[in-house]
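Visitor: File target39.tsv follows (TSV, C-alpha atoms):
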chain	number	residue	atom	x	y	z
X	1	MET	CA	98.40	77.91	98.42
X	2	ALA	CA	95.34	77.35	100.55
X	3	ASN	CA	95.01	74.35	102.85
X	4	VAL	CA	91.72	72.66	101.91
X	5	ASN	CA	90.04	69.50	103.11
X	6	GLU	CA	90.39	67.26	100.08
X	7	ASN	CA	87.25	65.27	101.04
X	8	GLN	CA	84.85	68.18	100.73
X	9	ARG	CA	82.56	68.86	97.79
X	10	PHE	CA	84.18	71.78	96.04
X	11	PHE	CA	82.32	74.77	94.68
X	12	ARG	CA	81.45	74.72	90.99
X	13	GLY	CA	79.22	77.23	89.17
X	14	ALA	CA	79.15	76.55	85.42
X	15	ILE	CA	75.84	76.72	83.56
X	16	PRO	CA	75.77	75.07	80.11
X	17	SER	CA	76.09	77.71	77.39
X	18	PRO	CA	72.88	78.17	75.35
X	19	ARG	CA	72.71	75.87	72.36
X	20	TYR	CA	72.37	78.81	69.96
X	21	LYS	CA	75.66	80.26	71.25
X	22	LEU	CA	77.44	76.99	70.61
X	23	ALA	CA	75.88	76.65	67.17
X	24	ALA	CA	76.86	80.19	66.18
X	25	ALA	CA	80.48	79.95	67.37
X	26	LYS	CA	83.23	79.82	64.77
X	27	PRO	CA	85.11	76.50	65.05
X	28	HIS	CA	88.84	76.58	65.70
X	29	GLU	CA	90.92	75.57	62.71
X	30	ILE	CA	94.51	74.37	62.94
X	31	ILE	CA	97.07	77.20	63.00
X	32	GLY	CA	100.64	76.40	61.96
X	33	SER	CA	102.40	73.38	63.43
X	34	THR	CA	101.53	71.68	66.71
X	35	PRO	CA	104.33	70.77	69.16
X	36	PRO	CA	104.44	67.09	70.21
X	37	ASN	CA	103.91	68.08	73.83
X	38	PHE	CA	103.09	71.35	75.54
X	39	LEU	CA	102.35	72.75	79.00
X	40	TYR	CA	101.38	76.01	80.65
X	41	ASN	CA	102.45	75.68	84.30
X	42	PRO	CA	102.31	79.11	85.99
X	43	ALA	CA	104.40	79.61	89.11
X	44	ASN	CA	101.50	81.14	91.02
X	45	ILE	CA	97.93	79.89	90.90
X	46	SER	CA	94.97	80.13	93.26
X	47	PHE	CA	91.30	79.30	93.77
X	48	TRP	CA	90.39	82.83	92.63
X	49	GLY	CA	87.31	82.62	94.83
X	50	ASN	CA	86.20	79.12	93.81
X	51	ASP	CA	86.81	77.85	97.35
X	52	GLN	CA	84.08	80.21	98.58
X	53	TYR	CA	81.79	80.84	95.62
X	54	GLY	CA	80.51	79.20	92.47
X	55	ASP	CA	82.74	81.41	90.31
X	56	CYS	CA	84.63	78.65	88.48
X	57	VAL	CA	84.03	80.29	85.09
X	58	THR	CA	85.73	83.47	86.34
X	59	ALA	CA	88.49	81.55	88.15
X	60	GLU	CA	89.40	79.85	84.88
X	61	GLU	CA	89.79	83.29	83.28
X	62	ALA	CA	92.21	84.32	86.02
X	63	PHE	CA	94.18	81.11	85.46
X	64	ALA	CA	94.34	81.83	81.73
X	65	LYS	CA	95.84	85.25	82.48
X	66	ALA	CA	98.48	83.54	84.65
X	67	CYS	CA	99.56	81.59	81.56
X	68	TYR	CA	100.74	84.81	79.90
X	69	ASN	CA	104.50	85.37	79.61
X	70	PRO	CA	105.48	87.05	81.87
X	71	GLU	CA	102.85	85.70	84.24
X	72	ILE	CA	99.96	88.00	85.10
X	73	PHE	CA	98.67	87.18	88.57
X	74	ILE	CA	95.13	88.37	89.17
X	75	SER	CA	94.46	88.58	92.90
X	76	ASP	CA	91.64	86.53	94.40
X	77	GLN	CA	89.79	89.66	95.47
X	78	VAL	CA	89.94	91.18	91.98
X	79	ALA	CA	88.49	87.97	90.52
X	80	ILE	CA	85.76	87.79	93.18
X	81	ASN	CA	84.85	91.45	92.76
X	82	TRP	CA	84.72	91.11	88.98
X	83	ALA	CA	82.48	88.04	89.18
X	84	SER	CA	80.20	89.76	91.68
X	85	ALA	CA	79.95	92.99	89.68
X	86	ASN	CA	78.98	91.10	86.53
X	87	GLY	CA	76.52	88.67	88.09
X	88	PHE	CA	78.84	85.65	87.75
X	89	LEU	CA	79.66	84.97	91.41
X	90	ASN	CA	77.47	81.91	91.88
X	91	GLY	CA	76.82	80.56	88.42
X	92	ALA	CA	77.61	81.66	84.87
X	93	TYR	CA	77.41	80.57	81.26
X	94	LEU	CA	80.88	80.05	79.81
X	95	SER	CA	79.81	81.99	76.72
X	96	SER	CA	78.63	84.99	78.79
X	97	VAL	CA	81.90	85.31	80.68
X	98	LEU	CA	83.91	85.00	77.46
X	99	GLU	CA	81.84	87.76	75.84
X	100	LYS	CA	82.16	90.07	78.86
X	101	MET	CA	85.92	89.58	79.03
X	102	VAL	CA	86.46	90.83	75.47
X	103	HIS	CA	85.84	94.45	76.48
X	104	ASN	CA	85.52	94.48	80.27
X	105	GLY	CA	88.24	92.25	81.69
X	106	PHE	CA	90.06	92.20	85.00
X	107	ILE	CA	91.71	95.40	86.22
X	108	GLU	CA	94.87	94.79	88.25
X	109	ASN	CA	97.53	97.42	89.04
X	110	TYR	CA	95.72	99.85	86.70
X	111	PHE	CA	96.04	97.59	83.67
X	112	GLN	CA	93.00	95.96	82.12
X	113	TYR	CA	93.37	92.35	81.00
X	114	ASN	CA	90.80	91.37	78.37
X	115	ASP	CA	90.18	88.26	76.27
X	116	GLY	CA	90.40	87.97	72.53
X	117	VAL	CA	87.37	86.74	70.63
X	118	SER	CA	86.60	83.08	71.31
X	119	SER	CA	86.05	80.15	68.97
X	120	SER	CA	84.64	76.72	69.73
X	121	VAL	CA	86.96	73.73	69.88
X	122	ASP	CA	86.19	70.11	69.01
X	123	TRP	CA	87.51	68.41	72.14
X	124	THR	CA	87.02	64.95	70.61
X	125	ASN	CA	89.55	65.66	67.84
X	126	ALA	CA	93.06	65.39	69.29
X	127	ASN	CA	94.73	67.25	66.41
X	128	ILE	CA	92.39	70.23	66.74
X	129	LEU	CA	92.39	70.30	70.54
X	130	GLN	CA	96.16	70.04	70.88
X	131	ASN	CA	96.68	72.76	68.29
X	132	ALA	CA	94.23	74.96	70.19
X	133	ILE	CA	96.04	74.41	73.49
X	134	ALA	CA	99.32	75.38	71.82
X	135	GLN	CA	97.69	78.76	71.08
X	136	GLY	CA	96.35	79.23	74.61
X	137	PRO	CA	94.58	77.45	77.48
X	138	VAL	CA	91.27	75.95	76.36
X	139	LYS	CA	88.25	76.75	78.54
X	140	ILE	CA	85.97	73.74	78.94
X	141	GLY	CA	82.69	72.98	80.67
X	142	VAL	CA	82.61	69.64	82.47
X	143	ALA	CA	80.64	67.44	84.82
X	144	ALA	CA	82.67	67.62	88.02
X	145	ASP	CA	81.45	64.83	90.29
X	146	GLN	CA	84.26	62.45	89.35
X	147	LEU	CA	86.89	65.21	89.36
X	148	ASN	CA	85.88	66.11	92.90
X	149	ASN	CA	87.22	62.74	94.07
X	150	VAL	CA	90.72	63.04	92.59
X	151	VAL	CA	91.77	66.71	92.62
X	152	THR	CA	94.25	67.76	95.34
X	153	PRO	CA	93.82	71.54	95.79
X	154	GLY	CA	97.11	73.29	96.36
X	155	ARG	CA	99.16	70.38	95.02
X	156	ASN	CA	99.81	69.73	91.33
X	157	GLY	CA	100.15	66.31	89.75
X	158	TRP	CA	96.92	64.47	90.55
X	159	PHE	CA	95.56	61.88	88.10
X	160	ALA	CA	92.09	61.44	86.61
X	161	ALA	CA	91.46	58.18	84.75
X	162	ASN	CA	88.76	55.67	83.91
X	163	PHE	CA	85.90	58.15	84.28
X	164	ASN	CA	82.39	57.20	83.26
X	165	GLN	CA	80.39	59.29	80.82
X	166	ASP	CA	78.63	62.20	82.53
X	167	HIS	CA	76.79	64.99	80.69
X	168	ASN	CA	75.75	66.97	83.78
X	169	GLU	CA	77.87	70.04	83.06
X	170	ASP	CA	78.31	72.08	86.25
X	171	HIS	CA	81.94	73.21	86.35
X	172	CYS	CA	84.51	75.13	84.29
X	173	VAL	CA	88.16	74.10	84.07
X	174	SER	CA	91.11	74.79	81.78
X	175	LEU	CA	93.04	72.41	79.55
X	176	CYS	CA	96.58	73.80	79.69
X	177	GLY	CA	98.80	71.10	78.26
X	178	TYR	CA	99.09	67.77	76.52
X	179	GLY	CA	101.55	64.93	75.95
X	180	THR	CA	101.99	61.39	77.13
X	181	ILE	CA	100.91	60.87	80.71
X	182	SER	CA	104.52	60.06	81.62
X	183	TRP	CA	105.77	63.30	80.06
X	184	LEU	CA	103.17	65.35	81.91
X	185	ALA	CA	103.93	63.56	85.18
X	186	THR	CA	107.61	64.40	84.78
X	187	GLN	CA	106.76	68.09	84.41
X	188	PHE	CA	105.00	67.98	87.78
X	189	GLY	CA	107.63	65.81	89.46
X	190	VAL	CA	105.26	62.93	90.21
X	191	SER	CA	105.17	59.22	89.37
X	192	VAL	CA	102.52	57.62	87.21
X	193	PRO	CA	100.35	55.25	89.30
X	194	PRO	CA	100.82	51.58	88.34
X	195	GLN	CA	97.23	51.21	87.17
X	196	ILE	CA	97.70	53.97	84.55
X	197	ASN	CA	99.67	53.49	81.31
X	198	GLY	CA	102.19	56.30	81.14
X	199	ASN	CA	102.51	55.90	77.38
X	200	ASP	CA	98.88	56.87	76.84
X	201	PRO	CA	98.13	60.45	75.80
X	202	GLY	CA	96.74	62.85	78.37
X	203	TYR	CA	95.91	66.48	79.08
X	204	ALA	CA	96.91	68.88	81.84
X	205	MET	CA	93.85	70.34	83.55
X	206	PHE	CA	93.55	73.29	85.95
X	207	THR	CA	90.84	73.42	88.56
X	208	TRP	CA	90.53	74.28	92.25
X	209	ASN	CA	94.00	75.73	92.76
X	210	SER	CA	95.86	72.85	91.14
X	211	ILE	CA	96.88	71.31	87.83
X	212	GLY	CA	96.54	67.59	87.26
X	213	ILE	CA	96.58	65.01	84.48
X	214	ILE	CA	93.52	63.48	82.88
X	215	ASP	CA	93.49	60.67	80.34
X	216	VAL	CA	91.82	61.27	76.99
X	217	PRO	CA	88.75	59.02	77.43
X	218	SER	CA	88.00	60.59	80.81
X	219	MET	CA	88.31	64.13	79.46
X	220	ILE	CA	85.94	63.32	76.61
X	221	ALA	CA	83.52	61.55	78.96
X	222	ILE	CA	82.92	64.63	81.14
X	223	THR	CA	83.31	67.53	78.68
X	224	ALA	CA	80.32	69.34	77.21
X	225	GLU	CA	81.84	72.44	75.55
X	226	ALA	CA	85.28	73.90	74.76
X	227	TRP	CA	86.49	77.39	73.82
X	228	LEU	CA	89.72	79.04	72.71
X	229	ARG	CA	90.39	82.76	73.20
X	230	ASN	CA	92.51	84.38	70.48
X	231	PRO	CA	94.55	85.87	71.93
X	232	THR	CA	94.17	84.60	75.47
X	233	THR	CA	95.06	88.02	76.85
X	234	ASN	CA	94.78	91.55	75.51
X	235	ILE	CA	96.51	94.09	77.76
X	236	ILE	CA	94.93	97.53	77.78
X	237	GLN	CA	97.29	100.27	78.95
X	238	PRO	CA	96.23	102.78	81.60
X	239	VAL	CA	94.80	105.94	80.08
X	240	GLN	CA	96.06	108.07	82.95
X	241	TYR	CA	99.52	108.83	84.23
X	242	LEU	CA	100.50	106.99	87.41
X	243	LYS	CA	102.94	107.39	90.25
X	244	ILE	CA	105.44	104.59	90.87
X	245	GLN	CA	106.06	104.07	94.59
X	246	VAL	CA	108.94	102.04	96.02
X	247	LYS	CA	108.11	99.82	98.98
X	248	SER	CA	111.35	100.33	100.91
X	249	SER	CA	110.95	104.06	101.60
X	250	GLY	CA	107.42	104.78	100.44
X	251	GLN	CA	108.84	107.49	98.14
X	252	TYR	CA	108.11	107.90	94.44
X	253	LEU	CA	110.11	107.51	91.24
X	254	ASN	CA	110.78	110.83	89.52
X	255	ILE	CA	113.19	112.72	87.28
X	256	LEU	CA	115.44	114.83	89.48
X	257	ASN	CA	114.41	118.51	89.57
X	258	ALA	CA	111.97	117.94	86.68
X	259	SER	CA	114.92	118.24	84.31
X	260	GLN	CA	114.27	118.39	80.59
X	261	ALA	CA	117.77	117.15	79.77
X	262	ASN	CA	118.35	113.89	77.96
X	263	GLY	CA	120.11	111.63	80.47
X	264	ALA	CA	118.75	113.34	83.59
X	265	GLU	CA	118.82	111.07	86.63
X	266	ALA	CA	115.83	109.07	87.90
X	267	CYS	CA	115.54	109.02	91.69
X	268	GLN	CA	113.08	108.74	94.56
X	269	GLY	CA	111.29	111.73	96.07
X	270	ASP	CA	108.75	112.32	98.81
X	271	THR	CA	106.65	115.17	97.36
X	272	PRO	CA	104.90	113.67	94.30
X	273	THR	CA	102.97	116.78	93.31
X	274	THR	CA	104.58	117.66	89.96
X	275	ASP	CA	104.68	116.11	86.50
X	276	ASN	CA	108.16	114.63	86.96
X	277	PHE	CA	106.50	112.09	89.29
X	278	LEU	CA	103.89	111.03	86.72
X	279	TRP	CA	104.53	108.07	84.44
X	280	GLN	CA	102.71	106.23	81.69
X	281	LEU	CA	103.33	102.59	80.82
X	282	ILE	CA	103.00	102.11	77.07
X	283	PRO	CA	103.02	98.63	75.45
X	284	SER	CA	105.97	98.39	73.06
X	285	SER	CA	106.19	96.51	69.79
X	286	THR	CA	108.14	93.83	71.68
X	287	VAL	CA	105.55	91.54	73.25
X	288	GLY	CA	105.61	91.61	77.06
X	289	TYR	CA	107.63	94.83	77.38
X	290	TYR	CA	106.69	98.45	78.03
X	291	LEU	CA	108.08	101.92	77.53
X	292	ILE	CA	107.79	104.05	80.68
X	293	LYS	CA	107.21	107.71	79.81
X	294	VAL	CA	107.51	110.64	82.24
X	295	ALA	CA	104.96	113.44	81.88
X	296	SER	CA	107.31	116.33	82.60
X	297	SER	CA	109.64	115.92	79.61
X	298	GLY	CA	107.93	113.25	77.53
X	299	GLN	CA	111.14	111.20	77.69
X	300	TYR	CA	111.46	107.54	78.67
X	301	LEU	CA	112.96	105.65	81.58
X	302	ASN	CA	116.08	103.70	80.61
X	303	ILE	CA	119.42	102.39	81.83
X	304	LEU	CA	122.13	104.85	80.86
X	305	ASN	CA	124.12	103.74	77.81
X	306	ALA	CA	122.56	100.25	77.97
X	307	SER	CA	125.08	99.37	80.67
X	308	GLN	CA	125.34	95.76	81.81
X	309	THR	CA	126.86	96.81	85.13
X	310	ASN	CA	125.14	96.07	88.42
X	311	GLY	CA	124.28	99.49	89.87
X	312	ALA	CA	124.17	101.35	86.53
X	313	GLU	CA	122.11	104.54	86.68
X	314	ALA	CA	118.50	104.84	85.55
X	315	CYS	CA	117.68	108.03	83.70
X	316	GLN	CA	115.39	109.57	81.09
X	317	GLY	CA	116.13	109.48	77.38
X	318	ASP	CA	114.48	110.69	74.19
X	319	THR	CA	115.31	107.89	71.74
X	320	PRO	CA	113.46	104.77	72.99
X	321	THR	CA	114.62	102.44	70.23
X	322	THR	CA	116.92	100.06	72.12
X	323	ASP	CA	116.48	97.33	74.72
X	324	ASN	CA	117.59	99.52	77.64
X	325	PHE	CA	114.25	101.37	77.25
X	326	LEU	CA	112.14	98.20	77.42
X	327	TRP	CA	110.71	97.09	80.76
X	328	LYS	CA	108.92	93.90	81.78
X	329	VAL	CA	106.27	94.22	84.50
X	330	ILE	CA	106.46	91.22	86.84
X	331	ALA	CA	103.77	90.77	89.50
X	332	GLU	CA	104.98	90.15	93.06
X	333	GLY	CA	101.94	89.99	95.33
X	334	ASP	CA	100.55	93.52	95.66
X	335	TYR	CA	103.71	94.96	94.09
X	336	ILE	CA	105.59	94.68	90.81
X	337	LYS	CA	109.19	94.37	89.73
X	338	LEU	CA	110.46	96.23	86.67
X	339	GLN	CA	113.02	94.26	84.66
X	340	VAL	CA	114.99	95.95	81.88
X	341	LYS	CA	115.43	93.90	78.71
X	342	SER	CA	118.98	94.98	77.92
X	343	SER	CA	120.63	93.44	80.99
X	344	GLY	CA	117.84	91.45	82.61
X	345	GLN	CA	118.42	93.40	85.83
X	346	TYR	CA	115.78	95.16	87.94
X	347	LEU	CA	114.95	98.76	88.78
X	348	ASN	CA	115.63	99.64	92.41
X	349	ILE	CA	116.64	102.43	94.75
X	350	ALA	CA	120.39	102.13	95.32
X	351	GLY	CA	121.27	100.74	98.73
X	352	ALA	CA	117.62	100.75	99.83
X	353	SER	CA	118.24	104.37	100.79
X	354	GLN	CA	115.60	106.27	102.74
X	355	THR	CA	116.99	109.61	101.52
X	356	ASN	CA	114.91	111.97	99.40
X	357	GLY	CA	116.71	112.16	96.04
X	358	ALA	CA	118.45	108.78	96.27
X	359	GLY	CA	119.16	107.47	92.80
X	360	ALA	CA	117.40	104.68	90.92
X	361	CYS	CA	119.56	102.06	89.23
X	362	GLN	CA	119.57	98.49	87.95
X	363	ALA	CA	120.69	95.50	90.00
X	364	ASP	CA	120.65	91.73	89.71
X	365	THR	CA	119.50	90.58	93.18
X	366	PRO	CA	115.83	91.62	93.44
X	367	THR	CA	115.19	90.16	96.89
X	368	THR	CA	114.56	93.27	99.00
X	369	ASP	CA	111.87	95.92	99.28
X	370	ASN	CA	113.82	98.52	97.28
X	371	PHE	CA	113.08	96.39	94.18
X	372	LEU	CA	109.31	96.37	94.78
X	373	TRP	CA	107.12	99.03	93.22
X	374	LYS	CA	103.43	99.91	93.30
X	375	LEU	CA	101.47	101.80	90.65
X	376	VAL	CA	99.44	104.54	92.34
X	377	LEU	CA	96.84	106.91	90.92
Translate this file's structure into structure tokens.

Guide:
Amino acid sequence: MANVNENQRFFRGAIPSPRYKLAAAKPHEIIGSTPPNFLYNPANISFWGNDQYGDCVTAEEAFAKACYNPEIFISDQVAINWASANGFLNGAYLSSVLEKMVHNGFIENYFQYNDGVSSSVDWTNANILQNAIAQGPVKIGVAADQLNNVVTPGRNGWFAANFNQDHNEDHCVSLCGYGTISWLATQFGVSVPPQINGNDPGYAMFTWNSIGIIDVPSMIAITAEAWLRNPTTNIIQPVQYLKIQVKSSGQYLNILNASQANGAEACQGDTPTTDNFLWQLIPSSTVGYYLIKVASSGQYLNILNASQTNGAEACQGDTPTTDNFLWKVIAEGDYIKLQVKSSGQYLNIAGASQTNGAGACQADTPTTDNFLWKLVL
């Protein structure tokens, strides 16, 4: 996380959404039951450009993507480039960014991450707001002068309380949790200051590379609009086939000798010029998992016989109906890890071999470069 002078005036960039947009928005209605407390607390967050530009409305979108399970980390540069390309780099209506994200979201590692259609949320009604947050992070427009004095960028667990009413909306943040202030403080590993009643209700709020806790009267005092995306994230699969490159050797995942046989071995190779090096990631019916299809045979990457053994072989198969065919894509900086559902282990090149033809397998200690993969056009 970035080291920032906490006394500076942080960049903002929200422009109040036009009144007609707010009036036309469908209000959120309660869906199902609402948990008594709730929190999205992604492992990796950032400024997403809001330490350099007034792109807070875009930065909040990147944070919302990080709340997906498994976490989707949008790089700072992708967020900045997206904001710049769409005219949102130094000021944006919340409504305009929400509308753009429905069909033209972030592109990271050849996947496109869009928003669902948004509805307005009554932030003064605790039952409605908490139910909305349980569906996904709620995007709000706020007046940020008082927040600027309490937020600790790069460190979670700050407190915002006893704010005065301020209608000068100039910033976009995310409400990502709720509960008593004591419960929220426990989630962040901090103590409630003595001047704040830990039994009072509060909300978790993301802004400026951190998540803190704000009491209810303060949140209401500075908020001017609130929106829920449903769903928060729509993942659009790549239309093209991709190569999958391992970091350790720089070679590419392929099916050995372009075999058409069910059970043929997956391995690395250094001449990715044929269809056995081309793969397509296809969202499965199990949320958060993908089928990985090779172009040469039309079969799917899997762990042979759904083995639970560390080192079990990866191969192709033609009946992708079991968990050993399902893969979770986990962001790791500029690379990804591929975790198989059946065993929870990770795709890698055995022994971090540099040899052309070295086999791919599963393993349970994904700490080295032979577990890191990059999707390449």

Visitor: Using all atoms listed in the file, can you tell me which of X:Phe111, X:Phe10, X:Trp48, X:Phe188 comes closest to Val151 in chain X?

Guide: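 That would be X:Phe10, the residue with the smallest distance to Val151 in chain X.
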
Visitor: Mind giving me the straight-line distance from CA of Ile181 in chain X to CA of Ala66 in chain X in Å, one decimal?

Guide: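 Distance between the two atoms: 23.1 Å.
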
Visitor: What's the separation between CA of Ala161 in chain X and CA of Thr58 in chain X, in Å to one decimal place?

Guide: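 Computing it gives 26.0 Å between the two atoms.
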
Visitor: To box range 261-266 of chain X, take all atoms listed in the file, fit an axis-aligned box, add 5 Å on each side, and give centre and edge lengths in Å to one decimal, as JSON.

Guide:
{"center_x": 118.0, "center_y": 113.1, "center_z": 82.9, "size_x": 14.3, "size_y": 18.1, "size_z": 19.9}

Visitor: Measuring atom to atom with all atoms listed in the file, identify which of X:Ser307, X:Ser33, X:Ser17, X:Thr223 is nearest to Ile128 in chain X.

Guide: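 Smallest separation from Ile128 in chain X among the options: X:Ser33.
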